[in-house]
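*Asks:* Have a peek at entry-v2.cif (mmCIF, C-alpha atoms).
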```cif
data_structure
loop_
_atom_site.label_atom_id
_atom_site.label_comp_id
_atom_site.auth_asym_id
_atom_site.auth_seq_id
_atom_site.Cartn_x
_atom_site.Cartn_y
_atom_site.Cartn_z
CA MET A 9 -19.72 6.83 -1.27
CA LYS A 10 -19.20 3.23 -0.24
CA PHE A 11 -15.71 2.19 0.72
CA GLU A 12 -15.42 -0.30 -2.17
CA GLN A 13 -16.08 2.50 -4.65
CA HIS A 14 -13.70 4.86 -2.87
CA LEU A 15 -10.99 2.19 -2.87
CA ALA A 16 -11.44 1.63 -6.61
CA LEU A 17 -10.95 5.36 -7.22
CA ILE A 18 -7.78 5.74 -5.16
CA THR A 19 -6.07 2.49 -6.11
CA ILE A 20 -2.74 2.84 -7.88
CA PRO A 21 -3.30 0.67 -10.98
CA SER A 22 0.12 -1.01 -10.93
CA TRP A 23 -0.38 -1.93 -7.26
CA SER A 24 -4.03 -3.03 -7.51
CA LYS A 25 -3.33 -6.71 -6.81
CA TYR A 26 -1.53 -5.78 -3.57
CA TYR A 27 -4.37 -3.83 -1.94
CA LEU A 28 -6.53 -5.41 0.72
CA ASN A 29 -9.27 -7.27 -1.17
CA TYR A 30 -12.09 -5.68 0.80
CA LYS A 31 -14.82 -6.94 -1.53
CA HIS A 32 -13.64 -10.55 -1.23
CA LEU A 33 -13.36 -10.33 2.55
CA LYS A 34 -16.87 -8.94 2.76
CA GLN A 35 -18.17 -11.80 0.61
CA VAL A 36 -16.40 -14.37 2.79
CA LEU A 37 -17.72 -12.70 5.92
CA TYR A 38 -21.34 -12.69 4.78
CA ALA A 39 -21.15 -16.17 3.22
CA ASN A 40 -19.97 -17.57 6.53
CA ALA A 41 -22.26 -15.55 8.77
CA SER A 42 -23.91 -18.67 10.15
CA VAL A 43 -20.63 -20.59 10.46
CA SER A 44 -17.71 -19.79 12.72
CA GLY A 45 -15.43 -17.05 11.48
CA GLU A 46 -12.50 -19.39 10.82
CA GLU A 47 -12.64 -19.00 7.03
CA PHE A 48 -12.87 -15.24 7.37
CA GLN A 49 -9.90 -15.24 9.75
CA VAL A 50 -7.81 -17.33 7.35
CA GLN A 51 -8.66 -15.06 4.41
CA PHE A 52 -8.10 -11.91 6.48
CA GLU A 53 -4.67 -13.09 7.62
CA ARG A 54 -3.77 -13.97 4.02
CA GLU A 55 -4.73 -10.47 2.90
CA ILE A 56 -2.80 -8.83 5.73
CA THR A 57 0.29 -10.86 4.85
CA LYS A 58 0.00 -9.81 1.20
CA VAL A 59 -0.37 -6.13 2.13
CA ASN A 60 2.50 -6.26 4.60
CA GLN A 61 4.82 -8.03 2.16
CA HIS A 62 4.18 -5.41 -0.53
CA TYR A 63 4.71 -2.60 1.97
CA CYS A 64 8.02 -4.08 3.12
CA GLU A 65 9.21 -4.53 -0.47
CA GLN A 66 8.34 -0.94 -1.34
CA GLU A 67 9.96 0.36 1.84
CA GLU A 68 13.18 -1.56 1.12
CA SER A 69 13.19 -0.27 -2.45
CA ALA A 70 12.71 3.31 -1.27
CA GLN A 71 15.49 2.95 1.30
CA ALA A 72 17.87 1.61 -1.35
CA GLN A 73 17.00 4.51 -3.66
CA LEU A 74 17.54 7.01 -0.85
CA ASP A 75 20.91 5.46 0.02
CA SER A 76 21.91 5.66 -3.64
CA LEU A 77 20.83 9.29 -3.90
CA GLN A 78 22.70 10.21 -0.74
CA ALA A 79 25.85 8.57 -2.11
CA GLN A 80 25.50 10.47 -5.41
CA TRP A 81 25.04 13.90 -3.87
CA HIS A 82 27.97 16.23 -3.45
CA ALA A 83 28.06 20.00 -3.17
CA ASP A 84 30.18 20.63 -6.26
CA MET A 85 27.90 18.75 -8.69
CA GLU A 86 27.41 20.30 -12.10
CA ALA A 87 24.05 21.94 -12.79
CA GLY A 88 22.92 19.18 -15.17
CA ASP A 89 23.80 16.47 -12.67
CA LYS A 90 21.91 18.33 -9.94
CA GLU A 91 18.80 18.45 -12.12
CA VAL A 92 18.99 14.71 -12.75
CA TRP A 93 19.48 14.12 -9.02
CA LYS A 94 16.51 16.36 -8.18
CA ALA A 95 14.31 14.49 -10.67
CA LYS A 96 15.26 11.15 -9.10
CA PHE A 97 14.63 12.55 -5.63
CA THR A 98 11.22 13.88 -6.70
CA GLN A 99 10.37 10.46 -8.10
CA LEU A 100 11.32 8.89 -4.76
CA LEU A 101 9.08 11.34 -2.91
CA GLN A 102 6.18 10.46 -5.21
CA GLN A 103 6.78 6.77 -4.57
CA LEU A 104 6.70 7.43 -0.81
CA GLU A 105 3.44 9.38 -1.18
CA HIS A 106 1.95 6.42 -3.06
CA LEU A 107 3.12 4.12 -0.28
CA ALA A 108 1.52 6.35 2.37
CA ASP A 109 -1.77 6.43 0.42
CA TYR A 110 -1.62 2.65 -0.05
CA THR A 111 -1.04 2.14 3.65
CA GLN A 112 -3.89 4.44 4.63
CA ALA A 113 -6.31 2.70 2.26
CA CYS A 114 -5.38 -0.75 3.55
CA VAL A 115 -5.58 0.31 7.21
CA THR A 116 -9.00 1.84 6.59
CA GLY A 117 -10.13 -1.33 4.82
CA CYS A 118 -8.96 -3.44 7.77
CA ARG A 119 -10.74 -1.23 10.24
CA LYS A 120 -13.99 -1.33 8.25
CA ILE A 121 -14.01 -5.08 7.59
CA LEU A 122 -13.18 -5.88 11.22
CA LYS A 123 -15.99 -3.60 12.34
CA LYS A 124 -18.37 -5.60 10.10
CA ALA A 125 -16.98 -8.86 11.50
CA ASP A 126 -17.64 -7.71 15.07
CA LYS A 127 -21.34 -7.15 14.41
#
```
What does the file become when written as structure tokens?

*Replies:*
Amino acid sequence: MKFEQHLALITIPSWSKYYLNYKHLKQVLYANASVSGEEFQVQFEREITKVNQHYCEQEESAQAQLDSLQAQWHADMEAGDKEVWKAKFTQLLQQLEHLADYTQACVTGCRKILKKADK
């Protein structure tokens, strides 16, 4: 399976605009094959900035949620409150798993497009 297809399958729909635009970078790379790689470099840096900004925003959000959950937790919580807390904590863990998958996909995309650029 080609990476573009794999990326389309694993993309989190609500985050799709924040993923590395591998297809676009590949088009820029091949369109400028005879020219210097300046346009590719500009586009690549723009994509990396976009990916990094989204990652930082998600990381900050997760940290704020964790801080909030830590402040809410106490040993003598009622059973109903513990269940609500556990549900919020589970949601945070899922968000962190999404962030890890997002990061892995973008890192793989960078590695692959830079390998193509080096050829």

*Asks:* Going by the chain IDs and residue numbers used in this file, which residues fall under the PyMOL selection byres ((chain A and resi 100) around 10)? Write them as an MDAnalysis selection string.

*Replies:* chainID A and resid 69:71 73:74 77 94:99 101:106

*Asks:* Mind giving me the straight-line distance from atom CA of A:Phe52 to atom CA of A:Trp23 in Å, one decimal?

*Replies:*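 That distance, rounded to one decimal, is 18.7 Å.
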
*Asks:* Nearest residue to A:Ala125 out of A:Lys10, A:Glu47, A:Thr19, A:Ser24, using only C-alpha atoms?

*Replies:*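 Closest to A:Ala125, using only C-alpha atoms: A:Glu47.
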
*Asks:* From the list A:Leu28, A:Met9, A:Leu37, A:Ala79, which residue is nearest A:Lys127 when using only C-alpha atoms?

*Replies:*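 So, comparing all the options, the nearest one is A:Leu37.
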
*Asks:* Please write the residues picked by the PyMOL selection byres ((chain A and resi 25) around 12) on this file as a list in words.

*Replies:*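 This file gives the following for the PyMOL selection byres ((chain A and resi 25) around 12): Ala16, Thr19, Ile20, Pro21, Ser22, Trp23, Ser24, Tyr26, Tyr27, Leu28, Asn29, Tyr30, Glu55, Lys58, Val59, His62 and Tyr110 of chain A.
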
*Asks:* For atom CA of A:Lys34 and atom CA of A:Tyr63, determine how far apart the two atoms are, in Å to one decimal place.

*Replies:*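 Distance reported for this atom pair: 22.5 Å.
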
*Asks:* If I take atom CA of A:Ala113 and atom CA of A:Cys64, how far is one from the other in Å, to one decimal?

*Replies:* 15.9 Å

*Asks:* Which residues are close to A:Gln51, i.e. within 9 Å by only C-alpha atoms, leaving aside same-chain residues fewer than 4 positions away? Reply as a list in words.

*Replies:*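 Those residues are His32, Leu33, Val36, Glu46, Glu47, Glu55 and Ile56 of chain A.
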
*Asks:* Would you mind telling me which residue in A:Gln61, A:Gln13, A:Glu53, A:Gly45 lies nearest to A:Cys118 when using all atoms listed in the file?

*Replies:*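 Nearest candidate to A:Cys118 out of A:Gln61, A:Gln13, A:Glu53, A:Gly45: A:Glu53.
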
*Asks:* My list of candidates is A:Gln35, A:Gln49, A:Gln80, A:Asn60. Which is closest to A:Cys114 when distances are computed with all atoms listed in the file?

*Replies:*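 Counting all atoms listed in the file, the residue closest to A:Cys114 is A:Asn60.
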